[in-house]
Amino acid sequence: MRISELSERSGVTIATLKYYLREGVLHAGELQGATRAVYDESHLERVRLVRTLVDVGRLSIERVREVVQAIDAPPATRHDLLGAAHEALRPPTHTAAPTDDALASVAALGVPDCQCSAASLQL
């Protein structure tokens, strides 16, 4: 199938599919010319996996890349594979509190009835 059909069948835009190709989370199709490639069911399955990891797992593309690399070239042992999956699926550790400058910037926006505090800006 061409990229347009892959897009149609997966529900993912062509631009997003090209992004996945550039980022290495979707393997390249079989080249049929300088600007044309053919994709198969494995590409459709990979797109579905990527969308699940992004939409349900809330993983960044960087983390998705780690997962698909572990799938494509699994570590030597199941223990190492489990460790790779665990590492990729762990939540980000954004523990830094907003700075006084950040709080002042938000307060300077002049939003009525806005109570700016470090707790309200935590993600």
# chains A, B, ... in the order shown; residues from 1 in each chain; ligands from 1
$ select_by_dssp --residues "chain A" --states "strand (DSSP E or B)" --output "PyMOL selection string"
chain A and resi 30-31+37-38
$ write_last_selection --atoms "C-alpha atoms" --output "compact mmCIF listing (two decimals), in the first residue's frame"
# COMPACT_ATOMS: atom_id res chain seq x y z
CA GLU A 30 10.10 -0.77 0.29
CA LEU A 31 11.34 1.87 -2.14
CA ALA A 37 7.58 3.53 -1.16
CA VAL A 38 5.25 0.63 -0.52
$ select_by_dssp --residues "chain A" --states "alpha helix (DSSP H)" --output "PyMOL selection string"
chain A and resi 3-10+14-23+41-55+61-72+78-89+100-108+118-121
$ write_last_selection --atoms "C-alpha atoms" --output "short mmCIF file (atom, residue, chain, number, x, y, z; two decimals), in the first residue's frame"
data_model
loop_
_atom_site.label_atom_id
_atom_site.label_comp_id
_atom_site.auth_asym_id
_atom_site.auth_seq_id
_atom_site.Cartn_x
_atom_site.Cartn_y
_atom_site.Cartn_z
CA ILE A 3 1.47 6.06 2.28
CA SER A 4 -1.93 7.55 1.45
CA GLU A 5 -3.59 4.16 2.00
CA LEU A 6 -1.56 3.61 5.19
CA SER A 7 -2.84 6.98 6.36
CA GLU A 8 -6.42 6.12 5.48
CA ARG A 9 -6.32 2.68 7.12
CA SER A 10 -4.56 3.86 10.27
CA ILE A 14 0.45 11.54 6.07
CA ALA A 15 2.44 14.30 7.78
CA THR A 16 2.42 12.34 11.04
CA LEU A 17 3.47 9.14 9.25
CA LYS A 18 6.40 11.00 7.68
CA TYR A 19 7.30 12.33 11.13
CA TYR A 20 7.28 8.77 12.49
CA LEU A 21 9.57 7.71 9.65
CA ARG A 22 11.99 10.58 10.35
CA GLU A 23 11.97 9.83 14.08
CA GLU A 41 0.62 -4.80 7.25
CA SER A 42 3.69 -4.59 9.52
CA HIS A 43 3.68 -0.83 9.01
CA LEU A 44 0.00 -0.64 9.90
CA GLU A 45 0.62 -2.67 13.07
CA ARG A 46 3.56 -0.43 14.01
CA VAL A 47 1.50 2.74 13.52
CA ARG A 48 -1.20 1.29 15.78
CA LEU A 49 1.42 0.45 18.41
CA VAL A 50 2.93 3.95 18.22
CA ARG A 51 -0.50 5.58 18.51
CA THR A 52 -1.33 3.40 21.52
CA LEU A 53 1.95 4.26 23.24
CA VAL A 54 1.43 7.97 22.56
CA ASP A 55 -2.32 8.23 23.20
CA ILE A 61 8.30 9.99 20.70
CA GLU A 62 11.73 9.54 22.30
CA ARG A 63 10.27 6.96 24.70
CA VAL A 64 8.31 5.31 21.88
CA ARG A 65 11.58 4.99 19.97
CA GLU A 66 13.12 3.18 22.95
CA VAL A 67 10.20 0.75 23.07
CA VAL A 68 10.24 -0.05 19.35
CA GLN A 69 14.02 -0.44 19.38
CA ALA A 70 13.65 -3.00 22.17
CA ILE A 71 11.00 -4.79 20.11
CA ASP A 72 13.07 -4.72 16.91
CA ARG A 78 13.80 -11.39 29.20
CA HIS A 79 14.98 -9.63 32.33
CA ASP A 80 16.80 -7.03 30.23
CA LEU A 81 13.75 -6.66 27.95
CA LEU A 82 11.51 -6.11 30.96
CA GLY A 83 14.00 -3.54 32.27
CA ALA A 84 13.99 -1.71 28.92
CA ALA A 85 10.18 -1.67 28.86
CA HIS A 86 10.01 -0.52 32.48
CA GLU A 87 12.47 2.30 31.81
CA ALA A 88 10.57 3.47 28.73
CA LEU A 89 7.22 3.39 30.52
CA ASP A 100 10.09 33.14 41.33
CA ASP A 101 10.61 34.58 37.83
CA ALA A 102 8.05 32.12 36.41
CA LEU A 103 5.55 33.01 39.12
CA ALA A 104 6.10 36.73 38.51
CA SER A 105 5.63 36.24 34.75
CA VAL A 106 2.31 34.50 35.27
CA ALA A 107 1.17 37.15 37.75
CA ALA A 108 2.20 39.88 35.28
CA ALA A 118 4.05 27.15 43.13
CA ALA A 119 1.39 24.49 43.82
CA SER A 120 -0.95 25.82 41.13
CA LEU A 121 1.81 25.66 38.51
#
$ closest_residue --among "A:Ala34, A:Tyr39, A:Arg90, A:Ala73" --to "Ser60 (chain A)" --atoms "only C-alpha atoms"
A:Arg90
$ atom_distance --atom1 "CA of Leu59 (chain A)" --atom2 "CA of Pro91 (chain A)"
8.5 Å
